[in-house]
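Undergrad: I'd like to ask some things about the structure below.
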Amino acid sequence: MAASPASSASSGPPVSPVSSGSSGPPASVGPLPDRPRVTQLRLSAFAGHRRAVLRLGPLTVLAGPSGSGKTTALRAYDALARLGGGAELGAVFPDPTACVPERARPDAQHRRGFRIGCTADGAQGPVHLDVAVQAEPELRIVGERLTADGVVLLETALRDPGRRAVQAAWHTAGSAPVTRAPLPDDRLGTPLLPLRVAGKTDGQRRVLAAAEQMVVALRSVFACDPRPGRMREPVPTGSGRLLGGCDNLADVLWRTRVECGRRHAQFVTAVRAGCAGPVEDVLAEPVLGGVVRALLDRGDGVRTGLARLGYGELRYLALALVLFTGPGVLAVDPAGEVPAALQTLTVLADGFDRGLDVRQRAELLRLAARMCDRGHIRLVAAVADASWVGAVGEAGADGAGGLTVVHLEP
């Protein structure tokens, strides 16, 4: 699967993803964004994708039939985000062979792998990261490249298969053009650079700035796919941080309703537009056993438990709550050392339109457009059919007409 038009790639063993001297993908045009953000996802050889380049805007819709690779693309983005946060390779890819292109043939050493990458725009201009991962016979990073303006700022390569390390070289621009040192082969090198680069020369400071831009752009990602079956049940009170499946929605409402009355009122207005019947409030209440349940207040003393709501209503309610909250409420990995004003939350919503009727999906897209237009949140949503997306945009969805639609084909 690939973004139209599709093209194929070789299926040999993983190699350094950008050839020597290459400047990477073309630079982005237009004014630089105020906050670091991922503007391109590259699936050079990942599962069913070959040389796929997906352009990402503030509000991006991945559209295509079942089997076109929408979920796979979101999984690749989430994997890069977790690696950018310093996660170990095995935790990010528990089943790495599923990421290897189906027709990829092993080399003489029985090695197979996959390649993914992205571009982050920000104050440093477009910064490109490409990663090659060996999945068989053992999981390891075998190549990584960080580039900006045609300059290779960091490059790693597996030199000795017998050692659990890769040889890294990063730009210095001092008395020596590069600095070389080993890095672990089970973690991304880019987020490790602040621990290894002194920042004494202009070249080193450039490396650090580019690495920081990439890491900040990748962090604070929330992968979301609400599961209505689990949202109907009462849940224990806990951290009040929403999980990816929105199972603990009642616990989050227990917290957020009293923390920000203005935002909660806006959330209730959105729920009113997407749920059947009158909605005066959305709240949580304690029940026996130390748990809380979520309810819709219908007015006149009538309250409806979530157990009575339909599948689409529950998904709509959960996705609306996600769009109204932030890193402090969602279970994400924010860059704690970076001011919130310089970060952007990215929501990855699989099956964005699943179970929703025409009215609900249009209202949800309008809400997403308004929230993304504010600049502190970005959304990458997967839908089966994008025909309704264009209709909502043409109707004037407060910015939805400027959304990015990426069509994927099997």
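Letters A, B, ... mark the chains of the structure tokens in the order given; residue numbers begin at 1 per chain; ligand numbers begin at 1, in order shown.
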What's around Ala157 in chain A at 8 Å? Count only C-alpha atoms, leave out sequence neighbours fewer than 3 positions away in its own chain, and write the answer as a JSON list (two decimals) with all heavy atoms, in the first residue's frame.
TA:
[["chain", "number", "residue", "atom", "x", "y", "z"],
["A", 16, "SER", "N", 21.66, 1.70, 5.21],
["A", 16, "SER", "CA", 21.51, 3.09, 5.60],
["A", 16, "SER", "C", 20.49, 3.75, 4.70],
["A", 16, "SER", "O", 20.59, 3.67, 3.48],
["A", 16, "SER", "CB", 22.87, 3.81, 5.46],
["A", 16, "SER", "OG", 22.77, 5.13, 5.92],
["A", 142, "VAL", "N", 20.16, -0.77, 12.44],
["A", 142, "VAL", "CA", 21.39, -0.95, 11.66],
["A", 142, "VAL", "C", 21.77, 0.30, 10.88],
["A", 142, "VAL", "O", 22.84, 0.35, 10.27],
["A", 142, "VAL", "CB", 21.27, -2.15, 10.70],
["A", 142, "VAL", "CG1", 21.13, -3.44, 11.49],
["A", 142, "VAL", "CG2", 20.09, -1.98, 9.74],
["A", 143, "GLY", "N", 20.92, 1.30, 10.88],
["A", 143, "GLY", "CA", 21.25, 2.54, 10.18],
["A", 143, "GLY", "C", 20.33, 3.66, 10.60],
["A", 143, "GLY", "O", 19.12, 3.47, 10.72],
["A", 144, "GLU", "N", 20.89, 4.84, 10.84],
["A", 144, "GLU", "CA", 20.11, 6.02, 11.21],
["A", 144, "GLU", "C", 20.78, 7.23, 10.60],
["A", 144, "GLU", "O", 22.01, 7.33, 10.59],
["A", 144, "GLU", "CB", 20.04, 6.16, 12.73],
["A", 144, "GLU", "CG", 19.31, 7.39, 13.21],
["A", 144, "GLU", "CD", 19.30, 7.50, 14.74],
["A", 144, "GLU", "OE1", 19.71, 6.52, 15.41],
["A", 144, "GLU", "OE2", 18.88, 8.54, 15.26],
["A", 166, "VAL", "N", 26.24, 0.25, 17.27],
["A", 166, "VAL", "CA", 26.46, 0.76, 15.92],
["A", 166, "VAL", "C", 27.52, 1.84, 16.01],
["A", 166, "VAL", "O", 27.72, 2.48, 17.06],
["A", 166, "VAL", "CB", 25.15, 1.35, 15.33],
["A", 166, "VAL", "CG1", 24.14, 0.25, 15.07],
["A", 166, "VAL", "CG2", 24.55, 2.42, 16.24],
["A", 167, "GLN", "N", 28.23, 2.05, 14.90],
["A", 167, "GLN", "CA", 29.22, 3.11, 14.84],
["A", 167, "GLN", "C", 28.53, 4.40, 14.44],
["A", 167, "GLN", "O", 27.88, 4.47, 13.40],
["A", 167, "GLN", "CB", 30.32, 2.77, 13.83],
["A", 167, "GLN", "CG", 31.45, 3.78, 13.78],
["A", 167, "GLN", "CD", 32.24, 3.86, 15.08],
["A", 167, "GLN", "OE1", 32.42, 2.87, 15.76],
["A", 167, "GLN", "NE2", 32.70, 5.05, 15.44],
["A", 168, "ALA", "N", 28.64, 5.43, 15.27],
["A", 168, "ALA", "CA", 27.97, 6.70, 15.00],
["A", 168, "ALA", "C", 29.00, 7.77, 14.66],
["A", 168, "ALA", "O", 30.12, 7.78, 15.19],
["A", 168, "ALA", "CB", 27.15, 7.13, 16.22]]
Undergrad: Extract, using only C-alpha atoms, all DNA, RNA and protein residues at most 10 Å from Gly199 in chain A, discarding same-chain residues fewer than 6 positions from it, and format them as a PDB file with N, CA and C atoms, in the first residue's frame.
TA:
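As a result, result14.pdb now contains:
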ATOM      1  N   THR A 172      30.703  17.954  13.493  1.00  0.00           N
ATOM      2  CA  THR A 172      31.405  18.748  14.490  1.00  0.00           C
ATOM      3  C   THR A 172      31.756  20.138  13.965  1.00  0.00           C
ATOM      4  N   ARG A 205      26.517  22.597  18.048  1.00  0.00           N
ATOM      5  CA  ARG A 205      25.270  23.250  18.444  1.00  0.00           C
ATOM      6  C   ARG A 205      24.183  23.051  17.387  1.00  0.00           C
ATOM      7  N   ARG A 206      24.600  22.997  16.135  1.00  0.00           N
ATOM      8  CA  ARG A 206      23.621  22.745  15.077  1.00  0.00           C
ATOM      9  C   ARG A 206      23.058  21.337  15.192  1.00  0.00           C
ATOM     10  N   VAL A 207      23.901  20.381  15.500  1.00  0.00           N
ATOM     11  CA  VAL A 207      23.449  19.001  15.699  1.00  0.00           C
ATOM     12  C   VAL A 207      22.447  18.937  16.845  1.00  0.00           C
ATOM     13  N   LEU A 208      22.776  19.572  17.949  1.00  0.00           N
ATOM     14  CA  LEU A 208      21.899  19.541  19.116  1.00  0.00           C
ATOM     15  C   LEU A 208      20.557  20.200  18.816  1.00  0.00           C
ATOM     16  N   ALA A 209      20.572  21.328  18.107  1.00  0.00           N
ATOM     17  CA  ALA A 209      19.326  22.027  17.796  1.00  0.00           C
ATOM     18  C   ALA A 209      18.437  21.192  16.884  1.00  0.00           C
TER      19      ALA A 209
END
Undergrad: Just the residues within 8 Å of Ala294 in chain A, please, counting only C-alpha atoms, with nothing from its chain fewer than 3 positions along; format it as a ChimeraX atom specification.
TA: /A:234,249-250,253,282-285,305-306
Undergrad: Using DSSP on the backbone, list every residue of range 58-299 of chain A that comes out as helix (DSSP H, G or I), and give them as an MDAnalysis selection string.
TA: chainID A and resid 70:84 89:92 96:99 190:196 202:218 228:231 249:259 261:274
Undergrad: Give me a file of those residues, with C-alpha atoms, as a compact mmCIF listing (two decimals), in the first residue's frame.
TA:
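File produced: again-v4.txt:
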# COMPACT_ATOMS: atom_id res chain seq x y z
CA LYS A 70 -3.98 3.30 7.11
CA THR A 71 -3.48 1.56 10.45
CA THR A 72 0.04 0.58 9.43
CA ALA A 73 0.94 4.20 8.71
CA LEU A 74 -0.37 5.30 12.11
CA ARG A 75 1.59 2.49 13.74
CA ALA A 76 4.79 3.66 12.04
CA TYR A 77 4.21 7.24 13.24
CA ASP A 78 3.56 6.03 16.79
CA ALA A 79 6.70 3.88 16.64
CA LEU A 80 8.86 6.85 15.62
CA ALA A 81 7.33 8.89 18.44
CA ARG A 82 8.14 6.24 21.01
CA LEU A 83 11.67 5.82 19.69
CA GLY A 84 12.09 9.60 19.81
CA LEU A 89 13.41 -1.11 20.23
CA GLY A 90 11.89 -4.37 21.46
CA ALA A 91 9.16 -2.52 23.37
CA VAL A 92 8.25 -0.49 20.29
CA PRO A 96 9.08 -6.91 14.21
CA THR A 97 8.63 -9.51 11.46
CA ALA A 98 5.11 -8.13 10.90
CA CYS A 99 6.74 -4.85 9.84
CA THR A 190 19.00 11.10 17.91
CA PRO A 191 17.50 11.49 21.42
CA LEU A 192 20.84 10.35 22.91
CA LEU A 193 22.83 13.17 21.29
CA PRO A 194 22.37 15.70 24.12
CA LEU A 195 24.20 13.22 26.37
CA ARG A 196 27.08 12.78 23.91
CA ASP A 202 28.84 25.82 15.88
CA GLY A 203 28.59 22.42 14.22
CA GLN A 204 27.87 20.66 17.49
CA ARG A 205 25.27 23.25 18.44
CA ARG A 206 23.62 22.74 15.08
CA VAL A 207 23.45 19.00 15.70
CA LEU A 208 21.90 19.54 19.12
CA ALA A 209 19.33 22.03 17.80
CA ALA A 210 18.27 19.69 14.98
CA ALA A 211 18.05 16.70 17.31
CA GLU A 212 15.97 18.68 19.80
CA GLN A 213 13.60 19.83 17.06
CA MET A 214 13.08 16.26 15.88
CA VAL A 215 12.56 14.87 19.38
CA VAL A 216 10.13 17.62 20.43
CA ALA A 217 8.17 17.18 17.18
CA LEU A 218 7.86 13.43 17.78
CA PRO A 228 -17.22 1.50 23.41
CA GLY A 229 -17.65 -1.95 24.96
CA ARG A 230 -15.25 -1.04 27.75
CA MET A 231 -16.47 2.55 28.14
CA LEU A 249 -13.42 7.86 30.27
CA ALA A 250 -15.52 8.07 33.44
CA ASP A 251 -12.42 8.57 35.58
CA VAL A 252 -11.21 11.36 33.28
CA LEU A 253 -14.59 13.12 33.38
CA TRP A 254 -14.50 12.88 37.19
CA ARG A 255 -11.34 14.99 37.03
CA THR A 256 -11.78 17.34 34.07
CA ARG A 257 -15.31 18.53 34.84
CA VAL A 258 -14.10 20.43 37.92
CA GLU A 259 -10.66 21.46 36.60
CA GLY A 261 -15.38 24.68 33.61
CA ARG A 262 -15.04 26.68 30.38
CA ARG A 263 -13.52 23.84 28.40
CA HIS A 264 -16.00 21.37 29.87
CA ALA A 265 -18.89 23.60 28.76
CA GLN A 266 -17.50 23.54 25.21
CA PHE A 267 -17.20 19.77 25.42
CA VAL A 268 -20.84 19.48 26.52
CA THR A 269 -21.89 21.62 23.56
CA ALA A 270 -20.02 19.28 21.22
CA VAL A 271 -21.62 16.21 22.82
CA ARG A 272 -25.05 17.81 22.46
CA ALA A 273 -24.44 18.13 18.70
CA GLY A 274 -23.50 14.48 18.28
Undergrad: Give the answer as one residue: which of A:Val235, A:Val405, A:Asp297, A:Asp357 has the shortest atom-to-atom distance to Tyr311 in chain A, using only C-alpha atoms?
TA: A:Asp357
Undergrad: Report the distance between CA of Arg187 in chain A and CA of Gly85 in chain A in Å, rounded to one decimal place.
TA: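 These atoms are spaced 9.8 Å apart.
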Undergrad: Per residue of range 82-182 of chain A within 12 Å of range 47-63 of chain A, what are the shortest atom pair and its distance in Å to one decimal, counting only C-alpha atoms, with rows by chain and residue number, as CSV?
TA:
residue,atom,partner,partner_atom,distance
A:Asp95,CA,A:Ala47,CA,11.6
A:Pro96,CA,A:Ala47,CA,9.7
A:Thr97,CA,A:Ala47,CA,8.8
A:Ala98,CA,A:Ala47,CA,6.5
A:Cys99,CA,A:Ala47,CA,4.4
A:Val100,CA,A:Ala47,CA,5.1
A:Pro101,CA,A:Ala47,CA,4.4
A:Glu102,CA,A:Ala47,CA,6.6
A:Arg103,CA,A:Gly48,CA,9.3
A:Ala104,CA,A:Ala47,CA,9.6
A:Arg112,CA,A:Ala47,CA,11.9
A:Gly113,CA,A:Ala47,CA,9.8
A:Phe114,CA,A:Ala47,CA,7.7
A:Arg115,CA,A:Arg51,CA,9.4
A:Ile116,CA,A:Arg51,CA,9.3
A:Gly117,CA,A:Val53,CA,9.3
A:Cys118,CA,A:Val53,CA,8.9
A:Thr119,CA,A:Arg55,CA,9.5
A:Ala120,CA,A:Leu56,CA,10.3
A:Asp121,CA,A:Leu56,CA,11.0
A:Ala135,CA,A:Ala47,CA,11.8
Undergrad: For a quick check of understanding, using only C-alpha atoms, which of A:Thr201, A:Gly174, A:Arg35, A:Arg163 has the smallest distance to Gly122 in chain A?
TA: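 Checking each candidate against Gly122 in chain A, we get A:Arg35 as the closest.
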Undergrad: One decimal, in Å: what's the spacing between CA of Asp225 in chain A and CA of Gly245 in chain A?
TA: 5.3 Å
Undergrad: Quote the spacing between CA of Gly125 in chain A and CA of Ser44 in chain A in Å to one decimal place.
TA: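 Separation between CA of Gly125 in chain A and CA of Ser44 in chain A: 22.3 Å.
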Undergrad: If you run DSSP on the backbone here, which positions in range 21-208 of chain A get strand (DSSP E)? Please write them as JSON, numbers by chain.
TA: {"A": [37, 38, 39, 40, 41, 42, 43, 44, 45, 46, 49, 50, 51, 52, 53, 54, 55, 59, 60, 61, 62, 63, 112, 113, 114, 115, 116, 117, 118, 119, 120, 121, 127, 128, 129, 130, 131, 132, 133, 134, 135, 136, 140, 141, 142, 143, 144, 145, 146, 147, 148, 151, 152, 153, 154, 155, 156, 157, 165, 166, 167, 168, 169, 170, 171, 178, 179, 180, 181, 182, 183, 184]}
Undergrad: Next, dump the selected residues to file, keeping only C-alpha atoms, as a PDB file, in the first residue's frame.
TA:
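Final file, out.pdb:
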ATOM      1  CA  ARG A  37       5.967  19.424  14.091  1.00  0.00           C
ATOM      2  CA  VAL A  38       6.139  16.359  11.861  1.00  0.00           C
ATOM      3  CA  THR A  39       5.212  17.361   8.308  1.00  0.00           C
ATOM      4  CA  GLN A  40       6.104  14.190   6.415  1.00  0.00           C
ATOM      5  CA  LEU A  41       6.052  10.468   7.138  1.00  0.00           C
ATOM      6  CA  ARG A  42       8.175   8.166   4.971  1.00  0.00           C
ATOM      7  CA  LEU A  43       7.496   4.435   4.768  1.00  0.00           C
ATOM      8  CA  SER A  44      10.366   3.358   2.551  1.00  0.00           C
ATOM      9  CA  ALA A  45       9.798  -0.338   3.235  1.00  0.00           C
ATOM     10  CA  PHE A  46       7.330  -1.008   6.038  1.00  0.00           C
ATOM     11  CA  HIS A  49       4.132   0.182   2.083  1.00  0.00           C
ATOM     12  CA  ARG A  50       6.915   0.761  -0.466  1.00  0.00           C
ATOM     13  CA  ARG A  51       8.482   4.201  -0.894  1.00  0.00           C
ATOM     14  CA  ALA A  52       5.363   5.870   0.451  1.00  0.00           C
ATOM     15  CA  VAL A  53       5.697   9.567   1.314  1.00  0.00           C
ATOM     16  CA  LEU A  54       2.758  10.957   3.293  1.00  0.00           C
ATOM     17  CA  ARG A  55       2.451  14.715   3.625  1.00  0.00           C
ATOM     18  CA  LEU A  59      -5.394  18.170  10.178  1.00  0.00           C
ATOM     19  CA  THR A  60      -4.621  15.125   8.041  1.00  0.00           C
ATOM     20  CA  VAL A  61      -7.003  12.404   6.893  1.00  0.00           C
ATOM     21  CA  LEU A  62      -5.625   9.090   5.656  1.00  0.00           C
ATOM     22  CA  ALA A  63      -8.287   7.590   3.393  1.00  0.00           C
ATOM     23  CA  ARG A 112      15.483  -8.905   6.729  1.00  0.00           C
ATOM     24  CA  GLY A 113      14.201  -5.585   7.967  1.00  0.00           C
ATOM     25  CA  PHE A 114      12.257  -2.395   7.320  1.00  0.00           C
ATOM     26  CA  ARG A 115      12.837   1.351   6.880  1.00  0.00           C
ATOM     27  CA  ILE A 116      10.826   4.331   8.137  1.00  0.00           C
ATOM     28  CA  GLY A 117      11.456   8.048   8.521  1.00  0.00           C
ATOM     29  CA  CYS A 118       9.957  11.496   8.918  1.00  0.00           C
ATOM     30  CA  THR A 119      10.574  15.221   8.486  1.00  0.00           C
ATOM     31  CA  ALA A 120      10.135  17.748  11.288  1.00  0.00           C
ATOM     32  CA  ASP A 121       9.769  21.451  10.512  1.00  0.00           C
ATOM     33  CA  VAL A 127      15.107  18.195   9.592  1.00  0.00           C
ATOM     34  CA  HIS A 128      14.953  14.655   8.184  1.00  0.00           C
ATOM     35  CA  LEU A 129      15.279  11.410  10.142  1.00  0.00           C
ATOM     36  CA  ASP A 130      15.543   7.997   8.478  1.00  0.00           C
ATOM     37  CA  VAL A 131      15.925   4.702  10.315  1.00  0.00           C
ATOM     38  CA  ALA A 132      16.745   1.201   9.081  1.00  0.00           C
ATOM     39  CA  VAL A 133      15.801  -1.660  11.399  1.00  0.00           C
ATOM     40  CA  GLN A 134      16.884  -5.289  11.131  1.00  0.00           C
ATOM     41  CA  ALA A 135      14.060  -7.585  12.216  1.00  0.00           C
ATOM     42  CA  GLU A 136      15.681 -10.956  11.510  1.00  0.00           C
ATOM     43  CA  ARG A 140      18.442  -4.070  16.034  1.00  0.00           C
ATOM     44  CA  ILE A 141      18.880  -0.630  14.492  1.00  0.00           C
ATOM     45  CA  VAL A 142      21.391  -0.947  11.663  1.00  0.00           C
ATOM     46  CA  GLY A 143      21.254   2.541  10.180  1.00  0.00           C
ATOM     47  CA  GLU A 144      20.108   6.016  11.209  1.00  0.00           C
ATOM     48  CA  ARG A 145      20.550   9.353   9.498  1.00  0.00           C
ATOM     49  CA  LEU A 146      19.674  12.870  10.643  1.00  0.00           C
ATOM     50  CA  THR A 147      20.070  15.542   7.948  1.00  0.00           C
ATOM     51  CA  ALA A 148      19.272  19.232   7.441  1.00  0.00           C
ATOM     52  CA  VAL A 151      24.302  18.249   5.765  1.00  0.00           C
ATOM     53  CA  VAL A 152      24.517  14.866   7.464  1.00  0.00           C
ATOM     54  CA  LEU A 153      24.334  15.733  11.147  1.00  0.00           C
ATOM     55  CA  LEU A 154      24.254  12.171  12.483  1.00  0.00           C
ATOM     56  CA  GLU A 155      24.854   8.865  10.757  1.00  0.00           C
ATOM     57  CA  THR A 156      25.058   5.407  12.266  1.00  0.00           C
ATOM     58  CA  ALA A 157      25.844   2.055  10.702  1.00  0.00           C
ATOM     59  CA  ALA A 165      26.424  -1.369  19.047  1.00  0.00           C
ATOM     60  CA  VAL A 166      26.456   0.765  15.922  1.00  0.00           C
ATOM     61  CA  GLN A 167      29.223   3.107  14.844  1.00  0.00           C
ATOM     62  CA  ALA A 168      27.974   6.696  15.004  1.00  0.00           C
ATOM     63  CA  ALA A 169      29.430   9.828  13.433  1.00  0.00           C
ATOM     64  CA  TRP A 170      28.064  13.292  14.075  1.00  0.00           C
ATOM     65  CA  HIS A 171      28.828  16.680  12.587  1.00  0.00           C
ATOM     66  CA  VAL A 178      33.063  14.597  12.614  1.00  0.00           C
ATOM     67  CA  THR A 179      33.133  12.837  15.961  1.00  0.00           C
ATOM     68  CA  ARG A 180      32.866   9.052  16.063  1.00  0.00           C
ATOM     69  CA  ALA A 181      31.677   6.873  18.918  1.00  0.00           C
ATOM     70  CA  PRO A 182      29.611   3.711  19.455  1.00  0.00           C
ATOM     71  CA  LEU A 183      25.896   3.946  20.266  1.00  0.00           C
ATOM     72  CA  PRO A 184      23.556   1.145  21.371  1.00  0.00           C
TER      73      PRO A 184
END
Undergrad: Which is closer to Arg308 in chain A than all the others in A:Val279, A:Glu233, A:Leu348, A:Ser239, using only C-alpha atoms?
TA: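 For Arg308 in chain A, the nearest of the candidates is A:Glu233.
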Undergrad: For Val347 in chain A, which residue among A:Gly390, A:Pro278, A:Gly326, A:Gly290 is the nearest when counting only C-alpha atoms?
TA: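 Of A:Gly390, A:Pro278, A:Gly326, A:Gly290, the one nearest Val347 in chain A, counting only C-alpha atoms, is A:Gly326.
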Undergrad: Can you work out which one of A:Leu321, A:Ala198, A:Leu356, A:Val287 has the shortest atom-to-atom distance to Thr237 in chain A, counting only C-alpha atoms?
TA: A:Val287
